[in-house]
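Trainee: Handing you this structure, nothing more for now.
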Amino acid sequence: PEKVDILGVKFNNYSLKGYKNEISRRLDNKKSTFIVTANPEIVMAANENPIFMKLINQDADFVTADGIGIIKAANILNKPISERVTGYDLFTWLLDVANQRKKRVYFIGAKEEVISDLGKRIQSEYPNIEVAGLRNGYFKDKLDIIARDITKTKPDMIFAALGYPKQEQLLDILRKKELPAVMMGVGGSFDVFSG
Ligand code: UDP
């Protein structure tokens, strides 16, 4: 399906099922895959930051409509988007996939307490996931250094909960290096998942 432009951000137009099919196929083929779940705040931020806009439009493999506001805007523009697909939807689905297929997953972001709780919950509820790494989101190192550390752990999936645009900037570094992983910024999802 054709992309839909909302205030300069080019959204993919798949249903949740469509995204699952596409992402699953890329995971099987070990294709570097960078997903941006764009909510209205991200669209506004991209409009104020041309580098962020370029990163989303040129580097992301999938840009999902994360928010009813995006769906409504698309309807008003007469270019309907099939459905809202949130970071949390894809996050919980990808955890199931990782568990079923025994994948290595790296988690970065949120406060130490949150990420360590998340680690425990993953271990008990998704016992077949190999945790490649758990790191809180309050580091002082440059993103390049963090990206190098992540690469060394050879993850199949990476979830970054650092808030935008930092989480996308980190994943963009890894996408440009063609790291063969499915990577997604998940905003506040670690807090929700652990809380
Ligand atoms: N966060 C982080 N490092 C930072 C800033 C934020 O790890 O330097 C985490 C924060 O703890 C939270 C997540 O990023 O778990 C999302 O933060 P926020 O709700 O501010 O971002 P948004 O969901 O609006 O992108």
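Residue names in the structure tokens use chain letters A, B, ... in the order shown, residue numbers from 1 in each chain, and ligand numbers from 1 in the order shown.
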Could you list, as a VMD selection string, all residues that come within 9 Å of ligand 1? Count only C-alpha atoms and all ligand atoms.
Mentor: chain A and resid 41 to 42 108 to 112 114 to 115 136 to 139 160 to 167 185 to 192
Trainee: Pull N, CA and C atoms from the residues just selected and write them as a CSV table (one decimal), in the first residue's frame.
Mentor:
```csv
chain,number,residue,atom,x,y,z
A,41,GLU,N,2.9,13.6,18.8
A,41,GLU,CA,4.0,14.4,19.4
A,41,GLU,C,5.2,14.2,18.5
A,42,ILE,N,5.4,13.0,18.0
A,42,ILE,CA,6.6,12.7,17.1
A,42,ILE,C,6.4,13.5,15.8
A,108,ILE,N,16.9,-1.6,26.2
A,108,ILE,CA,17.6,-0.4,26.7
A,108,ILE,C,16.6,0.7,27.0
A,109,GLY,N,16.7,1.3,28.2
A,109,GLY,CA,15.8,2.4,28.5
A,109,GLY,C,15.2,2.3,29.9
A,110,ALA,N,14.6,3.4,30.3
A,110,ALA,CA,13.9,3.6,31.5
A,110,ALA,C,14.8,3.6,32.7
A,111,LYS,N,14.3,3.7,33.9
A,111,LYS,CA,15.1,3.8,35.1
A,111,LYS,C,15.6,2.4,35.5
A,112,GLU,N,16.7,2.3,36.2
A,112,GLU,CA,17.3,1.0,36.6
A,112,GLU,C,16.3,0.1,37.2
A,114,VAL,N,13.1,0.0,36.9
A,114,VAL,CA,12.1,-0.5,35.8
A,114,VAL,C,12.7,-1.6,35.0
A,115,ILE,N,13.9,-1.3,34.5
A,115,ILE,CA,14.6,-2.3,33.6
A,115,ILE,C,14.9,-3.6,34.3
A,136,ASN,N,19.8,0.5,31.6
A,136,ASN,CA,18.9,1.6,31.9
A,136,ASN,C,19.2,2.7,30.9
A,137,GLY,N,18.2,3.7,30.9
A,137,GLY,CA,18.3,4.7,29.8
A,137,GLY,C,19.0,6.0,30.3
A,138,TYR,N,19.7,5.9,31.5
A,138,TYR,CA,20.3,7.1,32.0
A,138,TYR,C,21.8,7.0,32.0
A,139,PHE,N,22.3,6.8,30.8
A,139,PHE,CA,23.8,6.7,30.6
A,139,PHE,C,24.4,8.0,30.2
A,160,ALA,N,14.1,0.1,22.5
A,160,ALA,CA,14.7,1.2,23.1
A,160,ALA,C,13.6,2.1,23.7
A,161,ALA,N,13.6,2.3,25.0
A,161,ALA,CA,12.6,3.2,25.7
A,161,ALA,C,13.4,4.4,26.3
A,162,LEU,N,13.7,5.3,25.4
A,162,LEU,CA,14.5,6.5,25.9
A,162,LEU,C,13.8,7.8,25.6
A,163,GLY,N,12.5,7.7,25.2
A,163,GLY,CA,11.8,8.8,24.7
A,163,GLY,C,12.3,9.2,23.3
A,164,TYR,N,11.5,10.0,22.6
A,164,TYR,CA,12.0,10.5,21.3
A,164,TYR,C,12.7,11.8,21.4
A,165,PRO,N,13.6,12.2,20.6
A,165,PRO,CA,14.1,11.5,19.4
A,165,PRO,C,15.3,10.6,19.8
A,166,LYS,N,15.6,10.5,21.1
A,166,LYS,CA,16.9,9.8,21.4
A,166,LYS,C,16.8,8.3,21.0
A,167,GLN,N,15.6,7.7,21.3
A,167,GLN,CA,15.6,6.2,21.0
A,167,GLN,C,15.7,6.0,19.5
A,185,GLY,N,11.7,1.9,18.8
A,185,GLY,CA,11.6,2.7,19.9
A,185,GLY,C,10.2,2.5,20.6
A,186,VAL,N,10.2,2.4,21.9
A,186,VAL,CA,8.9,2.0,22.5
A,186,VAL,C,8.5,3.0,23.6
A,187,GLY,N,9.1,4.2,23.6
A,187,GLY,CA,8.6,5.3,24.5
A,187,GLY,C,8.5,4.8,26.0
A,188,GLY,N,7.3,4.9,26.5
A,188,GLY,CA,7.1,4.6,27.9
A,188,GLY,C,6.7,3.1,28.1
A,189,SER,N,6.8,2.3,27.1
A,189,SER,CA,6.4,0.9,27.2
A,189,SER,C,7.0,0.1,28.4
A,190,PHE,N,8.3,0.3,28.7
A,190,PHE,CA,8.9,-0.5,29.8
A,190,PHE,C,8.2,-0.2,31.1
A,191,ASP,N,7.9,1.1,31.3
A,191,ASP,CA,7.2,1.5,32.5
A,191,ASP,C,5.8,0.8,32.6
A,192,VAL,N,5.1,0.8,31.5
A,192,VAL,CA,3.8,0.2,31.5
A,192,VAL,C,3.9,-1.3,31.7
```
Trainee: So that I can check the surroundings of Tyr19 of chain A, please list as a PDB file with C-alpha atoms, in the first residue's frame every protein, DNA and RNA residue that reaches within 12 Å of it, counting only C-alpha atoms and ignoring chain neighbours fewer than 4 positions away.
Mentor:
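Generated file (out-v3.pdb):
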```
ATOM      1  CA  PRO A   1       0.000   0.000   0.000  1.00  0.00           C
ATOM      2  CA  ASN A  12       3.003   3.088   6.002  1.00  0.00           C
ATOM      3  CA  ASN A  13      -0.521   1.917   5.522  1.00  0.00           C
ATOM      4  CA  TYR A  14      -0.640  -1.658   6.757  1.00  0.00           C
ATOM      5  CA  SER A  15      -3.090  -3.193   9.193  1.00  0.00           C
ATOM      6  CA  ILE A  23       8.146  -7.758  10.221  1.00  0.00           C
ATOM      7  CA  SER A  24       8.028 -11.508  10.741  1.00  0.00           C
ATOM      8  CA  ARG A  25       9.392 -12.094   7.245  1.00  0.00           C
ATOM      9  CA  ARG A  26      12.243  -9.644   7.772  1.00  0.00           C
ATOM     10  CA  LEU A  27      13.069 -11.266  11.114  1.00  0.00           C
ATOM     11  CA  THR A  33      14.576  -3.456  10.380  1.00  0.00           C
ATOM     12  CA  ILE A  35      10.318   0.607  13.127  1.00  0.00           C
ATOM     13  CA  VAL A  36       9.064   4.040  14.164  1.00  0.00           C
ATOM     14  CA  THR A  37       5.669   4.200  15.859  1.00  0.00           C
ATOM     15  CA  ASP A  61      11.614   0.643   7.340  1.00  0.00           C
ATOM     16  CA  PHE A  62       8.149   1.055   8.842  1.00  0.00           C
ATOM     17  CA  VAL A  63       6.369   4.121  10.177  1.00  0.00           C
ATOM     18  CA  THR A  64       3.150   3.198  11.971  1.00  0.00           C
ATOM     19  CA  ALA A  65       0.268   5.496  12.926  1.00  0.00           C
ATOM     20  CA  SER A  82      -6.102   1.193   7.874  1.00  0.00           C
ATOM     21  CA  GLU A  83      -5.606   1.218  11.642  1.00  0.00           C
ATOM     22  CA  ARG A  84      -3.791   2.527  14.652  1.00  0.00           C
ATOM     23  CA  VAL A  85      -0.703   0.459  15.492  1.00  0.00           C
ATOM     24  CA  THR A  86       0.981   1.367  18.751  1.00  0.00           C
ATOM     25  CA  GLY A  87       4.472   0.618  19.995  1.00  0.00           C
ATOM     26  CA  ASP A  89       0.974  -3.598  20.414  1.00  0.00           C
ATOM     27  CA  LEU A  90       4.083  -4.476  18.450  1.00  0.00           C
ATOM     28  CA  TRP A  93       3.628  -9.288  19.956  1.00  0.00           C
ATOM     29  CA  LEU A  94       7.381  -9.262  19.274  1.00  0.00           C
TER      30      LEU A  94
END
```
Trainee: Residues at most 9 Å from Leu7 of chain A, counting only C-alpha atoms, excluding those fewer than 3 positions away in the same chain, as an MDAnalysis selection string?
Mentor: chainID A and resid 10 43:44 47
Trainee: Since we have the selection now, will you write its residues out, keeping C-alpha atoms, as a CSV table (one decimal), in the first residue's frame?
Mentor:
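File produced: again.csv:
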```csv
chain,number,residue,atom,x,y,z
A,10,LYS,CA,5.3,9.4,5.5
A,43,VAL,CA,5.0,14.3,14.0
A,44,MET,CA,5.2,17.7,15.7
A,47,ASN,CA,8.2,19.4,12.0
```
Trainee: Would you list, as a PyMOL selection string, the residues of segment 3-192 of chain A that end up in alpha helix (DSSP H) under DSSP run on this structure's backbone?
Mentor: chain A and resi 16-28+40-48+50-54+68-76+87-100+112-125+143-152+166-176+189-192
Trainee: For the residues in that selection, give me C-alpha atoms as a PDB file, in the first residue's frame.
Mentor:
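That gives us result.pdb:
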```pdb
ATOM      1  CA  LEU A  16      -1.650  -4.660  12.394  1.00  0.00           C
ATOM      2  CA  LYS A  17      -1.768  -8.055  10.681  1.00  0.00           C
ATOM      3  CA  GLY A  18       0.052  -6.605   7.667  1.00  0.00           C
ATOM      4  CA  TYR A  19       2.835  -5.229   9.864  1.00  0.00           C
ATOM      5  CA  LYS A  20       3.124  -8.565  11.634  1.00  0.00           C
ATOM      6  CA  ASN A  21       3.536 -10.379   8.320  1.00  0.00           C
ATOM      7  CA  GLU A  22       6.128  -7.935   7.000  1.00  0.00           C
ATOM      8  CA  ILE A  23       8.146  -7.758  10.221  1.00  0.00           C
ATOM      9  CA  SER A  24       8.028 -11.508  10.741  1.00  0.00           C
ATOM     10  CA  ARG A  25       9.392 -12.094   7.245  1.00  0.00           C
ATOM     11  CA  ARG A  26      12.243  -9.644   7.772  1.00  0.00           C
ATOM     12  CA  LEU A  27      13.069 -11.266  11.114  1.00  0.00           C
ATOM     13  CA  ASP A  28      13.271 -14.679   9.402  1.00  0.00           C
ATOM     14  CA  PRO A  40       1.197  13.175  17.075  1.00  0.00           C
ATOM     15  CA  GLU A  41       4.003  14.366  19.393  1.00  0.00           C
ATOM     16  CA  ILE A  42       6.591  12.750  17.138  1.00  0.00           C
ATOM     17  CA  VAL A  43       4.990  14.315  14.049  1.00  0.00           C
ATOM     18  CA  MET A  44       5.179  17.739  15.715  1.00  0.00           C
ATOM     19  CA  ALA A  45       8.780  17.167  16.827  1.00  0.00           C
ATOM     20  CA  ALA A  46       9.752  16.133  13.283  1.00  0.00           C
ATOM     21  CA  ASN A  47       8.231  19.350  11.970  1.00  0.00           C
ATOM     22  CA  GLU A  48      10.501  21.321  14.257  1.00  0.00           C
ATOM     23  CA  PRO A  50      14.396  18.527   9.933  1.00  0.00           C
ATOM     24  CA  ILE A  51      17.093  15.997  10.865  1.00  0.00           C
ATOM     25  CA  PHE A  52      14.539  13.977  12.826  1.00  0.00           C
ATOM     26  CA  MET A  53      12.086  14.234   9.900  1.00  0.00           C
ATOM     27  CA  LYS A  54      14.741  12.970   7.498  1.00  0.00           C
ATOM     28  CA  ILE A  68      -6.114   8.161  16.905  1.00  0.00           C
ATOM     29  CA  GLY A  69      -5.115  11.741  15.995  1.00  0.00           C
ATOM     30  CA  ILE A  70      -3.051  10.415  13.092  1.00  0.00           C
ATOM     31  CA  ILE A  71      -5.939   8.238  11.885  1.00  0.00           C
ATOM     32  CA  LYS A  72      -8.313  11.223  12.039  1.00  0.00           C
ATOM     33  CA  ALA A  73      -5.873  13.478  10.179  1.00  0.00           C
ATOM     34  CA  ALA A  74      -5.550  10.843   7.449  1.00  0.00           C
ATOM     35  CA  ASN A  75      -9.354  10.672   7.109  1.00  0.00           C
ATOM     36  CA  ILE A  76      -9.614  14.454   6.839  1.00  0.00           C
ATOM     37  CA  GLY A  87       4.472   0.618  19.995  1.00  0.00           C
ATOM     38  CA  TYR A  88       2.977  -1.378  22.827  1.00  0.00           C
ATOM     39  CA  ASP A  89       0.974  -3.598  20.414  1.00  0.00           C
ATOM     40  CA  LEU A  90       4.083  -4.476  18.450  1.00  0.00           C
ATOM     41  CA  PHE A  91       6.248  -4.755  21.582  1.00  0.00           C
ATOM     42  CA  THR A  92       4.075  -7.419  23.243  1.00  0.00           C
ATOM     43  CA  TRP A  93       3.628  -9.288  19.956  1.00  0.00           C
ATOM     44  CA  LEU A  94       7.381  -9.262  19.274  1.00  0.00           C
ATOM     45  CA  LEU A  95       8.057 -10.603  22.777  1.00  0.00           C
ATOM     46  CA  ASP A  96       5.761 -13.559  21.978  1.00  0.00           C
ATOM     47  CA  VAL A  97       7.553 -14.107  18.675  1.00  0.00           C
ATOM     48  CA  ALA A  98      10.958 -13.907  20.385  1.00  0.00           C
ATOM     49  CA  ASN A  99       9.802 -16.430  22.962  1.00  0.00           C
ATOM     50  CA  GLN A 100       8.435 -18.828  20.335  1.00  0.00           C
ATOM     51  CA  GLU A 112      17.281   1.031  36.612  1.00  0.00           C
ATOM     52  CA  GLU A 113      14.440  -0.195  38.839  1.00  0.00           C
ATOM     53  CA  VAL A 114      12.097  -0.481  35.848  1.00  0.00           C
ATOM     54  CA  ILE A 115      14.557  -2.289  33.588  1.00  0.00           C
ATOM     55  CA  SER A 116      15.519  -4.747  36.304  1.00  0.00           C
ATOM     56  CA  ASP A 117      11.830  -5.527  36.987  1.00  0.00           C
ATOM     57  CA  LEU A 118      11.348  -5.966  33.262  1.00  0.00           C
ATOM     58  CA  GLY A 119      14.232  -8.433  33.194  1.00  0.00           C
ATOM     59  CA  LYS A 120      12.566 -10.520  35.898  1.00  0.00           C
ATOM     60  CA  ARG A 121       9.203 -10.475  34.159  1.00  0.00           C
ATOM     61  CA  ILE A 122      10.772 -11.533  30.863  1.00  0.00           C
ATOM     62  CA  GLN A 123      12.524 -14.426  32.579  1.00  0.00           C
ATOM     63  CA  SER A 124       9.339 -15.715  34.158  1.00  0.00           C
ATOM     64  CA  GLU A 125       6.806 -15.049  31.386  1.00  0.00           C
ATOM     65  CA  LEU A 143      25.049   6.989  21.452  1.00  0.00           C
ATOM     66  CA  ASP A 144      27.836   5.635  19.201  1.00  0.00           C
ATOM     67  CA  ILE A 145      29.431   3.904  22.179  1.00  0.00           C
ATOM     68  CA  ILE A 146      26.097   2.533  23.351  1.00  0.00           C
ATOM     69  CA  ALA A 147      25.392   1.289  19.812  1.00  0.00           C
ATOM     70  CA  ARG A 148      28.764  -0.491  19.715  1.00  0.00           C
ATOM     71  CA  ASP A 149      28.061  -2.204  23.057  1.00  0.00           C
ATOM     72  CA  ILE A 150      24.672  -3.370  21.785  1.00  0.00           C
ATOM     73  CA  THR A 151      26.170  -4.692  18.530  1.00  0.00           C
ATOM     74  CA  LYS A 152      28.638  -6.875  20.447  1.00  0.00           C
ATOM     75  CA  LYS A 166      16.866   9.782  21.409  1.00  0.00           C
ATOM     76  CA  GLN A 167      15.551   6.233  20.991  1.00  0.00           C
ATOM     77  CA  GLU A 168      15.227   6.739  17.220  1.00  0.00           C
ATOM     78  CA  GLN A 169      18.699   8.331  17.015  1.00  0.00           C
ATOM     79  CA  LEU A 170      20.242   5.310  18.719  1.00  0.00           C
ATOM     80  CA  LEU A 171      18.424   2.800  16.513  1.00  0.00           C
ATOM     81  CA  ASP A 172      19.250   4.818  13.410  1.00  0.00           C
ATOM     82  CA  ILE A 173      22.967   4.320  14.103  1.00  0.00           C
ATOM     83  CA  LEU A 174      22.411   0.551  14.225  1.00  0.00           C
ATOM     84  CA  ARG A 175      20.165   0.557  11.144  1.00  0.00           C
ATOM     85  CA  LYS A 176      22.823   2.419   9.171  1.00  0.00           C
ATOM     86  CA  SER A 189       6.350   0.881  27.241  1.00  0.00           C
ATOM     87  CA  PHE A 190       8.883  -0.474  29.754  1.00  0.00           C
ATOM     88  CA  ASP A 191       7.201   1.527  32.512  1.00  0.00           C
ATOM     89  CA  VAL A 192       3.797   0.164  31.466  1.00  0.00           C
TER      90      VAL A 192
END
```
Trainee: Hey, what does DSSP flag as strand (DSSP E) within segment 59-93 of chain A? Can you give it to me as a PyMOL selection string?
Mentor: chain A and resi 62-65
Trainee: Take the residues that were just selected and, keeping C-alpha atoms, output them as a compact mmCIF listing (two decimals), in the first residue's frame.
Mentor:
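And here's out.txt as it stands now:
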```txt
# COMPACT_ATOMS: atom_id res chain seq x y z
CA PHE A 62 8.15 1.05 8.84
CA VAL A 63 6.37 4.12 10.18
CA THR A 64 3.15 3.20 11.97
CA ALA A 65 0.27 5.50 12.93
```
Trainee: Quote the spacing between atom CA of Pro180 of chain A and atom CA of Phe34 of chain A in Å to one decimal place.
Mentor: 10.1 Å
Trainee: Using Å and a single decimal, report how far atom CA of Asn57 of chain A sits from atom CA of Leu134 of chain A.
Mentor: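 Rounded to one decimal, the two atoms are 28.7 Å apart.
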